[in-house]
Amino acid sequence: MSSIHTNHSAMSALATLRQINAQMETTMQRISTGLRVNDASDNAAYWSIATTLRSDMKAKSAVVDALGLSRAMTDVASAGMSQAVDIVGEIKAKLVLASEPGVDKTKINKELDELKAQLLNVAQSSSFNGQNWLYGSPGIVSMPASTRDYGGFVSVGYIEVDKSETTLIDPADNSNGILTEDRDVTTAGGSAETFYLLGSGTSGTAKQITLDANTTADELSGMVQAMDDMEKDLIDANAMLGIKAKGIERQEAFTKKLIEVSKKALGRLVDADMAEESTRLKALQVQQQLAIQALSIANSQPNMILQLFR
């Protein structure tokens with residue numbers, strides 16, 4: 001009976017030690033990884049939700065990166081448009097100056113030629129990441145702005161910019177560019193005239209905004225009106241870019257906030273309480289030492305019984 005009792009004690013002590021060692025392994029894994037749910041075997045429901053959250057956060061992070069690029073493209077286009085507004089305003093001022101008696105119109109025209117060249121350079125240079133919203137053919141630019149989950153299906157939302165509202169120069173079609181399209185005006189003398197600034201004009205009857213010694217005051221009044229109309233279009237286009245930029249900024253901030261909220265939710269599901277796990281580890285280490293001692297005592301009992309028969 002004593003032998004049976006001794007074997008039972010040893011087996012019980014060994015089982016206890018194994019259980020403690022398993023708990024220590026789990027606790028040490030939680031401390032080393034910082035997670036209480038490392039895989040599906042720990043908690044299948046929480047692991048599934050956490051895996052989906054991590055995937056969604058990666059998608060949202062990609063959207064934030066894309067929004068950063070979109071904001072940069074919008075800023076470049078807006079900077080170019082602002083510069084174009086300034087130059088067009090200066091051209092309009094030169095035309096007003098040319099209306100004064102005794103002014104050398106040919107000298108002013110040389111200044112106009114320089115300002116026109118600057119406008120062309122601004123349009124061609126306003127490019128970022130291979131995108132130029134001021135120069136080239138019009139079209140719709142779609143920029144990733146969000147990820148949306150409809151009934152379990154993820155789709156991508158977009159912010160769109162219509163380049164037909166921002167194109168300054170389309171070398172393939174003058175009618176598409178704010179700086180190249182014809183401007184129909186009525187001069188101070190009541191004449192109906194059509195002017196264009198850059199390119200070759202849309203219609204055969206349009207006159208280029210340029211000066212020579214024979215340019216009349218009535219023609220100048222029409223040119224000033226044409227430039228004023230052009231300036232308004234540029235201001236409207238720049239305002240539209242500003243609205244898009246603000247929308248991108250808001251969406252970027254909102255997406256970052258969603259990522260932070262998802263991180264907090266993920267932490268509540270799978271993160272380990274490090275203070276609690278550290279305390280548990282210390283307690284398990286004490287239990288392990290006691291279990292080892294108990295197993296040692298149980299294993300030494302048969303030897304003690306044998307000594308009694310000597």
# chains A, B, ... in the order shown; residues from 1 in each chain; ligands from 1
>>> select_by_dssp(residues="stretch 98-242 of chain A", states="helix (DSSP H, G or I)", output="count of residues only")
54
>>> residues_around(residues="A:Asp113", least_positions_apart="3", cutoff="12 Å", atoms="only C-alpha atoms", output="JSON, numbers by chain")
{"A": [87, 91, 94, 106, 107, 108, 109, 110, 116, 117, 118, 119, 120, 197, 198, 208, 209, 210, 211]}
>>> residues_around(residues="A:Met230", least_positions_apart="4", cutoff="8 Å", atoms="only C-alpha atoms", output="compact mmCIF listing (two decimals) with N, CA and C atoms, in the first residue's frame")
# COMPACT_ATOMS: atom_id res chain seq x y z
N VAL A 88 -1.13 86.53 -65.38
CA VAL A 88 -2.25 87.07 -66.18
C VAL A 88 -2.66 88.44 -65.66
N ILE A 178 -7.46 77.16 -70.75
CA ILE A 178 -7.90 78.47 -70.25
C ILE A 178 -7.09 79.59 -70.88
N LEU A 179 -5.80 79.33 -71.15
CA LEU A 179 -4.93 80.37 -71.72
C LEU A 179 -4.96 80.40 -73.24
N ARG A 183 -11.78 84.26 -76.54
CA ARG A 183 -12.58 85.05 -75.60
C ARG A 183 -13.40 86.06 -76.40
N ALA A 226 -10.84 90.60 -72.27
CA ALA A 226 -10.52 89.19 -72.49
C ALA A 226 -9.62 88.66 -71.37
N LEU A 234 -9.24 81.46 -64.15
CA LEU A 234 -8.09 80.94 -63.40
C LEU A 234 -8.36 80.95 -61.89
>>> select_by_dssp(residues="stretch 95-241 of chain A", states="strand (DSSP E or B)", output="PyMOL selection string")
chain A and resi 127-128+131-132+135+140-150+153-162+169+183-186+192-196+207-208
